[in-house]
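Peer 1: Can you read through this structure? Questions will come right after.
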Amino acid sequence: MNRILIFIILVTLLILLVFAFLAWKGYQISSRNELSLSVYKKEYQIGENPKIEIKNDATKTVCLSSCYPYYLESDNGSLKSYHYGFCPYPDINETCIKSGESKFFELVLHKMDLKKGIHRIAVPACIGCVLQQTFRKDKFFYSDEFLIR
């Protein structure tokens with residue numbers, strides 16, 4: 001009789017531990033940001049191109065635009081994007097990042113009239129999209145701030 005009671009208690013504890021573990025994993029997945037953007041340095045000189053890592057923490061593939069895959073924003077009291085001009089090509093999903101993968105980019109800024117100060121990078125993304133389809137902006141993601149001297 002004691003062995004059966006101990007066995008029932010152990011099975012019940014095991015089931016509770018499995019449920020607790022699955023609930024914890026579900027919470028971790030639901031609380032993840034879909035994209036994380038990290039610049040390599042906190043400070044850049046004018047003429048230097050920032051390097052960025054874009055990591056997909058979502059469960060779906062995330063795609064970036066062929067025209068303007070990123071926007072540079074400056075902080076002059078509020079964050080505003082630099083003007084890029086008109087894109088002469090069709091705006092499609094050119095780069096897609098699968099779940100758990102990262103892509104690395106160097107932002108070419110030499111053609112822009114950069115201002116010194118605090119900046120960040122904004123990346124519009126298409127969530128759950130397919131390569132070469134028309135791009136749609138589902139959500140913007142932002143890098144940490146960095147200084148241009």
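Convention: chains lettered A, B, ... in structure tokens order; per-chain residue numbering from 1; ligands numbered from 1 as shown.
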Using only C-alpha atoms, determine which residues lie at most 10 Å from A:Glu145, disregarding the query and same-chain residues fewer than 5 positions distant; provide the list as a ChimeraX atom specification.
Peer 2: /A:38-39,41-43,73-75,118-121
Peer 1: Within 12 Å of A:Pro88, counting only C-alpha atoms, which residues show up once you throw out same-chain ones fewer than 5 positions away? Write them as a list of chain:residue names, please.
Peer 2: A:Ser66, A:Cys67, A:Tyr68
Peer 1: Save the residues we just selected, N, CA and C atoms, as a CSV table (one decimal), in the first residue's frame?
Peer 2:
```csv
chain,number,residue,atom,x,y,z
A,66,SER,N,13.7,45.6,-50.3
A,66,SER,CA,14.8,45.8,-51.3
A,66,SER,C,15.2,47.2,-51.5
A,67,CYS,N,14.2,48.1,-51.2
A,67,CYS,CA,14.5,49.6,-51.4
A,67,CYS,C,15.2,50.2,-50.2
A,68,TYR,N,14.6,50.2,-49.1
A,68,TYR,CA,15.2,50.8,-47.9
A,68,TYR,C,15.1,49.9,-46.8
```
Peer 1: When distances are computed from only C-alpha atoms, which of A:Glu48, A:Asp91, A:Glu53, A:Glu34 shows the smallest separation from A:Gln133?
Peer 2: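 Going through A:Glu48, A:Asp91, A:Glu53, A:Glu34 one by one, the smallest distance to A:Gln133 is for A:Asp91.
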Peer 1: Applying 7 Å and only C-alpha atoms, which residues near A:Thr95 remain after dropping the ones on its own chain fewer than 5 positions away? List them as number ranges by chain.
Peer 2: A: 63-64, 131
Peer 1: Take the residues just selected and output them with C-alpha atoms as a PDB file, in the first residue's frame.
Peer 2:
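This is the output file selection.pdb:
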```pdb
ATOM      1  CA  CYS A  63      11.922  39.776 -44.438  1.00  0.00           C
ATOM      2  CA  LEU A  64      13.489  43.162 -45.231  1.00  0.00           C
ATOM      3  CA  LEU A 131      11.430  36.062 -50.512  1.00  0.00           C
TER       4      LEU A 131
END
```
Peer 1: Identify, on the basis of only C-alpha atoms, every residue whose closest approach to A:Tyr40 does not exceed 9 Å; exclude the query and any residue fewer than 4 positions from it along the same chain; express the result as a ChimeraX atom specification.
Peer 2: /A:50-53
Peer 1: For the residues in the current selection, export C-alpha atoms as a short mmCIF file (atom, residue, chain, number, x, y, z; two decimals), in the first residue's frame.
Peer 2:
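Output contents, as saved in result27.cif:
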```cif
data_model
loop_
_atom_site.label_atom_id
_atom_site.label_comp_id
_atom_site.auth_asym_id
_atom_site.auth_seq_id
_atom_site.Cartn_x
_atom_site.Cartn_y
_atom_site.Cartn_z
CA PRO A 50 27.89 51.63 -38.70
CA LYS A 51 27.77 47.85 -38.62
CA ILE A 52 24.65 46.15 -37.35
CA GLU A 53 23.50 42.64 -36.46
#
```
